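Peer 1: The structure that follows is given in the form of structure tokens.
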Amino acid sequence: MKQDISRRNFLKLFGGSAVATAAVLTGCKSKSETKAVEEYKQQVEPPVGKMTYRTNHNTGDKVSLLGYGMMRLPTVDGVASGRESKADIDQEQVNRLVDYAIEHGVNYFDTSPAYCQGLSERSTGIALSRHKRSEYFIATKLSNFNDATWSREESIKMYKNSMKELQVDYIDYYLLHGIGMGSDGMEALKGRYLDNGLLDYLMEERKAGRIRNLGFSYHGDIKVFDYLLEHHDQYHWDFVQIELNYLDWDYAKEINPRNTDARYLYAELEKRDIPAVIMEPLLGGRLANVPQYIATALKQRDPQRSVASWAFRYAGTPKGVLTVLSGMTYMEHLKDNLLSYCPLQPLTEEECQYLHTDIAKQIVGVETIPCNDCKYCMPCPYGIDIPAIFVHYNKCKNEGTLPRDRGDKEYWEQRRRFLIGMDRSVPKLRQADHCIGCGQCEPNCPQNIRIPRELHKISEYVEAVKQNTLTRPEALEKG
């Protein structure tokens with residue numbers, strides 16, 4: 001290896017994502033290799049003062065194209081904190097991440113009363129309060145998902161508590177959270193926001209300046225999305241948060257009939273000149289952990305960039321996008337994402353078409369479970385770790401290592417790895433075979449996954465692998 005190694009040559013030699021590659025090679029014993037790694041790590045350090053900004057025409061806010069999603073914060077044991085976790089958030093690490101993000105131009109921080117077992121807003125408030133209020137925009141949500149919080153009094157209490165936890169006297173971007181979720185999205189909209197007069201109250205709070213921008217995040221029922229935009233003249237939405245990535249652009253409905261393609265959602269916002277805030281640019285990591293043959297194709301196309309950067313650049317390219325949210329648990333995530341937006345190099349029309357026609361079509365064909373690891377389905381009353389089960393299955397499916405048939409040459413090794421991996425990823429008492437089908441999780445899933453059905457199918461598949469009665473898991477794949 002040459003000691004004077006360029007970023008392009010480094011990636012040609014070693015492949016993989018930028019941060020992951022450097023991390024793996026840190027343990028190299030060769031002096032020349034160690035030096036090359038250190039030089040490489042310096043080269044990929046995100047530059048200061050290069051962040052791409054978009055202007056919100058409603059307020060004149062200059063918003064960083066990379067927004068910090070405070071959903072998956074680090075905990076003291078090093079594990080990202082989801083809704084099911086009771087571990088303490090590592091506040092010192094959160095502070096370091098926020099400081100580094102602000103230093104590199106990130107100024108949009110998105111949280112919710114529902115994130116991190118209710119601890120995200122407080123942790124976010126502690127980290128941000130150490131900076132000037134003019135240095136950041138806070139986005140949070142009215143996460144009144146449960147019937148018990150639908151009353152006007154309880155919802156207003158949640159809204160005011162957000163300002164207390166965040167240590168602010170106004171909220172820059174406030175959202176009606178998860179519009180369209182559940183079996184009847186219109187009924188939930190009426191119960192949560194319309195019949196109780198809560199939306200009228202929030203509009204008055206906007207007039208008073210305690211809410212500077214009012215919007216909503218959309219999941220699921222297209223009737224609700226269309227209804228709120230049809231009444232834009234009444235509500236004057238300042239922004240809307242949608243799921244947009246190169247897979248959902250044309251294939252969201254194909255993956256799940258209840259979803260809507262991002263092409264339509266974005267066009268409806270653009271038609272009304274409503275800024276779009278983007279969530280799930282990586283689909284919960286699925287577009288960073290694509291099958292190896294797809295990753296290889298992307299790396300051959302541009303050896304300098306990580307697989308994830310293709311998705312981030314795609315999400316940031318449309319001019320109507322105000323900011324792209326990413327839940328960044330570790331410094332490696334933050335640095336790699338900053339490289340995509342410091343500054344943004346927009347994708348060309350040809351590159352977008354390549355992602356649509358070549359890459360997205362192949363990913364849809366893999367037929368993984370469309371779980372984004374958002375953990376909205378948690379906690380399970382029976383202790384099942386739903387996201388971890390789906391993540392492990394999807395990982396094996398993407399890697400092509402699911403055991404399929406006892407007649408396959410690699411069957412026994414794949415069987416061993418799959419079963420050991422499942423036990424390591426999910427404790428036995430939290431695995432799919434303990435699902436009783438109560439269905440409590442399903443209404444909360446933004447991707448409208450039929451969760452009990454998928455868990456039962458995985459349970460049957462795992463049992464067939466254990467008993468060596470497996471032929472081929474076509475039934476599981478077709479879901």
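Ligands are numbered from 1 in the order shown, chains are lettered A, B, ... in the order of the structure tokens, and residues start at 1 in each chain.
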Show me, as an mmCIF file with all heavy atoms, in the first residue's frame, the residues that have an atom within 10 Å of Asn146 (chain A) when counting only C-alpha atoms, minus same-chain residues fewer than 2 positions from it.

Peer 2:
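Contents of around_7.cif, as written:
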```
data_model
loop_
_atom_site.group_PDB
_atom_site.id
_atom_site.type_symbol
_atom_site.label_atom_id
_atom_site.label_comp_id
_atom_site.auth_asym_id
_atom_site.auth_seq_id
_atom_site.Cartn_x
_atom_site.Cartn_y
_atom_site.Cartn_z
ATOM 1 N N SER A 143 -47.747 14.173 19.866
ATOM 2 C CA SER A 143 -47.781 12.716 19.688
ATOM 3 C C SER A 143 -48.886 12.090 20.532
ATOM 4 O O SER A 143 -48.645 11.200 21.346
ATOM 5 C CB SER A 143 -46.408 12.126 20.059
ATOM 6 O OG SER A 143 -45.376 12.774 19.351
ATOM 7 N N ASN A 144 -50.109 12.577 20.338
ATOM 8 C CA ASN A 144 -51.253 12.087 21.126
ATOM 9 C C ASN A 144 -51.867 10.870 20.458
ATOM 10 O O ASN A 144 -53.020 10.879 20.015
ATOM 11 C CB ASN A 144 -52.282 13.196 21.320
ATOM 12 C CG ASN A 144 -52.759 13.787 19.989
ATOM 13 O OD1 ASN A 144 -52.172 13.526 18.938
ATOM 14 N ND2 ASN A 144 -53.814 14.583 20.042
ATOM 15 N N ALA A 148 -56.413 8.047 25.306
ATOM 16 C CA ALA A 148 -56.404 8.766 26.576
ATOM 17 C C ALA A 148 -55.862 10.185 26.427
ATOM 18 O O ALA A 148 -56.122 11.044 27.270
ATOM 19 C CB ALA A 148 -55.572 8.005 27.607
ATOM 20 N N THR A 149 -55.089 10.425 25.355
ATOM 21 C CA THR A 149 -54.505 11.764 25.169
ATOM 22 C C THR A 149 -55.231 12.556 24.086
ATOM 23 O O THR A 149 -54.777 13.619 23.679
ATOM 24 C CB THR A 149 -53.014 11.651 24.794
ATOM 25 O OG1 THR A 149 -52.881 10.897 23.572
ATOM 26 C CG2 THR A 149 -52.224 10.975 25.887
ATOM 27 N N TRP A 150 -56.370 12.057 23.604
ATOM 28 C CA TRP A 150 -57.099 12.764 22.550
ATOM 29 C C TRP A 150 -57.857 13.984 23.079
ATOM 30 O O TRP A 150 -58.211 14.869 22.298
ATOM 31 C CB TRP A 150 -58.108 11.825 21.884
ATOM 32 C CG TRP A 150 -57.482 10.878 20.910
ATOM 33 C CD1 TRP A 150 -56.161 10.590 20.788
ATOM 34 C CD2 TRP A 150 -58.157 10.100 19.919
ATOM 35 N NE1 TRP A 150 -55.956 9.670 19.791
ATOM 36 C CE2 TRP A 150 -57.166 9.345 19.233
ATOM 37 C CE3 TRP A 150 -59.492 9.954 19.553
ATOM 38 C CZ2 TRP A 150 -57.476 8.469 18.199
ATOM 39 C CZ3 TRP A 150 -59.806 9.073 18.514
ATOM 40 C CH2 TRP A 150 -58.809 8.347 17.852
ATOM 41 N N ALA A 188 -59.237 9.026 13.172
ATOM 42 C CA ALA A 188 -58.209 9.449 14.126
ATOM 43 C C ALA A 188 -57.932 10.944 14.001
ATOM 44 O O ALA A 188 -57.735 11.639 15.014
ATOM 45 C CB ALA A 188 -56.926 8.655 13.882
ATOM 46 N N ARG A 192 -58.305 13.285 17.206
ATOM 47 C CA ARG A 192 -57.087 13.861 17.777
ATOM 48 C C ARG A 192 -57.006 15.383 17.639
ATOM 49 O O ARG A 192 -56.475 16.061 18.515
ATOM 50 C CB ARG A 192 -55.860 13.239 17.123
ATOM 51 C CG ARG A 192 -55.647 11.776 17.427
ATOM 52 C CD ARG A 192 -54.528 11.179 16.586
ATOM 53 N NE ARG A 192 -53.240 11.767 16.905
ATOM 54 C CZ ARG A 192 -52.121 11.528 16.215
ATOM 55 N NH1 ARG A 192 -52.155 10.739 15.154
ATOM 56 N NH2 ARG A 192 -50.989 12.091 16.580
ATOM 57 N N ASN A 444 -49.951 1.066 15.172
ATOM 58 C CA ASN A 444 -48.905 2.074 15.357
ATOM 59 C C ASN A 444 -47.815 2.019 14.297
ATOM 60 O O ASN A 444 -46.887 2.827 14.332
ATOM 61 C CB ASN A 444 -48.253 1.901 16.741
ATOM 62 C CG ASN A 444 -49.240 2.096 17.869
ATOM 63 O OD1 ASN A 444 -50.115 2.951 17.785
ATOM 64 N ND2 ASN A 444 -49.109 1.314 18.924
#
```

Peer 1: Choose the residue, out of A:Gln345, A:Gln91, A:Asn56, A:Thr329, that has the smallest atom-to-atom separation from Pro275 (chain A); count only C-alpha atoms.

Peer 2: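 Nearest to Pro275 (chain A): A:Asn56.
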
Peer 1: Which residue gives the smallest distance to Asn372 (chain A) among A:Leu298, A:Leu287, A:Ala432, A:Cys441, with only C-alpha atoms counted?

Peer 2: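 Closest candidate: A:Leu287.
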
Peer 1: Set the distance at 12 Å and use only C-alpha atoms: which residues neighbour Tyr376 (chain A) once local chain neighbours fewer than 5 positions away are removed? I'd like the list as a count of residues only.

Peer 2: 32

Peer 1: As a VMD selection string, which residues of region 301-425 of chain A does DSSP assign to strand (DSSP E)?

Peer 2: chain A and resid 321 to 327

Peer 1: Only all heavy atoms, please: the residues just picked out, written as a CSV table (one decimal), in the first residue's frame.

Peer 2:
```csv
chain,number,residue,atom,x,y,z
A,321,VAL,N,-37.3,20.5,-1.0
A,321,VAL,CA,-37.0,19.9,0.2
A,321,VAL,C,-36.3,20.9,1.1
A,321,VAL,O,-35.3,21.5,0.7
A,321,VAL,CB,-36.1,18.7,0.0
A,321,VAL,CG1,-35.5,18.2,1.3
A,321,VAL,CG2,-36.8,17.6,-0.7
A,322,LEU,N,-36.8,21.1,2.3
A,322,LEU,CA,-36.2,22.0,3.3
A,322,LEU,C,-35.1,21.4,4.1
A,322,LEU,O,-34.0,22.0,4.2
A,322,LEU,CB,-37.3,22.5,4.2
A,322,LEU,CG,-36.9,23.6,5.3
A,322,LEU,CD1,-36.5,24.9,4.6
A,322,LEU,CD2,-38.1,23.9,6.2
A,323,THR,N,-35.3,20.2,4.6
A,323,THR,CA,-34.3,19.5,5.3
A,323,THR,C,-34.6,18.0,5.3
A,323,THR,O,-35.7,17.6,5.1
A,323,THR,CB,-34.2,20.0,6.8
A,323,THR,OG1,-33.1,19.4,7.4
A,323,THR,CG2,-35.5,19.6,7.6
A,324,VAL,N,-33.5,17.2,5.4
A,324,VAL,CA,-33.6,15.7,5.4
A,324,VAL,C,-33.2,15.2,6.8
A,324,VAL,O,-32.1,15.5,7.2
A,324,VAL,CB,-32.7,15.2,4.3
A,324,VAL,CG1,-32.8,13.6,4.3
A,324,VAL,CG2,-33.0,15.7,2.9
A,325,LEU,N,-34.1,14.5,7.4
A,325,LEU,CA,-33.8,14.1,8.8
A,325,LEU,C,-33.1,12.7,8.8
A,325,LEU,O,-33.4,11.8,8.0
A,325,LEU,CB,-35.2,13.9,9.5
A,325,LEU,CG,-36.0,15.1,9.7
A,325,LEU,CD1,-37.3,14.8,10.4
A,325,LEU,CD2,-35.3,16.3,10.4
A,326,SER,N,-32.2,12.6,9.7
A,326,SER,CA,-31.5,11.3,9.9
A,326,SER,C,-31.3,11.1,11.4
A,326,SER,O,-30.8,12.0,12.2
A,326,SER,CB,-30.1,11.4,9.3
A,326,SER,OG,-29.4,10.1,9.5
A,327,GLY,N,-31.7,9.9,11.9
A,327,GLY,CA,-31.5,9.6,13.3
A,327,GLY,C,-30.1,9.0,13.5
A,327,GLY,O,-29.8,7.9,13.2
```

Peer 1: Residues at most 10 Å from region 278-285 of chain A, counting only C-alpha atoms, excluding those fewer than 4 positions away in the same chain, as number ranges by chain?

Peer 2: A: 65-67, 69, 217-218, 240-248, 266, 289-290, 308-316, 321-327, 370-374, 391

Peer 1: Using only C-alpha atoms, which residues sit within 8 Å of Val366 (chain A) once same-chain residues fewer than 4 positions away are excluded, as a list in words?

Peer 2: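 The residues satisfying every condition are Gln362, Lys397 and Asn398 of chain A.
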
Peer 1: Could those selected residues go to a file with all heavy atoms, as an mmCIF file, in the first residue's frame?

Peer 2:
```cif
data_model
loop_
_atom_site.group_PDB
_atom_site.id
_atom_site.type_symbol
_atom_site.label_atom_id
_atom_site.label_comp_id
_atom_site.auth_asym_id
_atom_site.auth_seq_id
_atom_site.Cartn_x
_atom_site.Cartn_y
_atom_site.Cartn_z
ATOM 1 N N GLN A 362 -34.390 -3.617 -8.258
ATOM 2 C CA GLN A 362 -33.742 -4.799 -7.692
ATOM 3 C C GLN A 362 -34.062 -4.953 -6.207
ATOM 4 O O GLN A 362 -34.271 -6.062 -5.717
ATOM 5 C CB GLN A 362 -32.229 -4.705 -7.886
ATOM 6 C CG GLN A 362 -31.785 -4.786 -9.332
ATOM 7 C CD GLN A 362 -30.285 -4.802 -9.456
ATOM 8 O OE1 GLN A 362 -29.636 -5.780 -9.094
ATOM 9 N NE2 GLN A 362 -29.719 -3.714 -9.961
ATOM 10 N N LYS A 397 -31.688 -11.874 4.551
ATOM 11 C CA LYS A 397 -32.275 -11.891 3.209
ATOM 12 C C LYS A 397 -31.432 -11.058 2.248
ATOM 13 O O LYS A 397 -31.146 -11.469 1.114
ATOM 14 C CB LYS A 397 -33.705 -11.343 3.277
ATOM 15 C CG LYS A 397 -34.465 -11.504 1.967
ATOM 16 C CD LYS A 397 -34.778 -12.965 1.693
ATOM 17 C CE LYS A 397 -35.417 -13.149 0.331
ATOM 18 N NZ LYS A 397 -36.780 -12.601 0.273
ATOM 19 N N ASN A 398 -31.021 -9.866 2.689
ATOM 20 C CA ASN A 398 -30.195 -8.993 1.852
ATOM 21 C C ASN A 398 -28.853 -9.634 1.510
ATOM 22 O O ASN A 398 -28.336 -9.476 0.404
ATOM 23 C CB ASN A 398 -29.958 -7.650 2.544
ATOM 24 C CG ASN A 398 -31.125 -6.702 2.382
ATOM 25 O OD1 ASN A 398 -31.854 -6.768 1.401
ATOM 26 N ND2 ASN A 398 -31.311 -5.815 3.345
#
```

Peer 1: For Ile363 (chain A), which of A:Arg415, A:His333, A:Lys409, A:Arg286 is the closest residue, counting only C-alpha atoms?

Peer 2: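 Of the candidates, the smallest distance to Ile363 (chain A) is held by A:Arg286.
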
Peer 1: Point out the residue among A:Val106, A:Val277, A:Cys435, A:Asn259 with the least atom-to-atom distance to Thr52 (chain A), counting only C-alpha atoms.

Peer 2: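 Answer, going by the shortest atom-to-atom distance: A:Val106.
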
Peer 1: Find the distance between CA of Thr401 (chain A) and CA of Ser306 (chain A) and write it in Å to one decimal.

Peer 2: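 A separation of 22.8 Å between them.
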
Peer 1: Within 10 Å of Pro427 (chain A), counting only C-alpha atoms, which residues qualify if same-chain residues fewer than 5 places away don't, as a PyMOL selection string?

Peer 2: chain A and resi 384-385+388+422

Peer 1: Nearest residue to Val63 (chain A) out of A:Tyr136, A:Tyr354, A:Tyr100, A:Tyr227, using only C-alpha atoms?

Peer 2: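 Looking at the shortest contact to Val63 (chain A), the residue is A:Tyr136.
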
Peer 1: For a quick check of understanding, using only C-alpha atoms, which of A:Gln304, A:Gln414, A:Thr124, A:Thr317 has the smallest distance to Ala276 (chain A)?

Peer 2: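 Nearest to Ala276 (chain A): A:Thr317.
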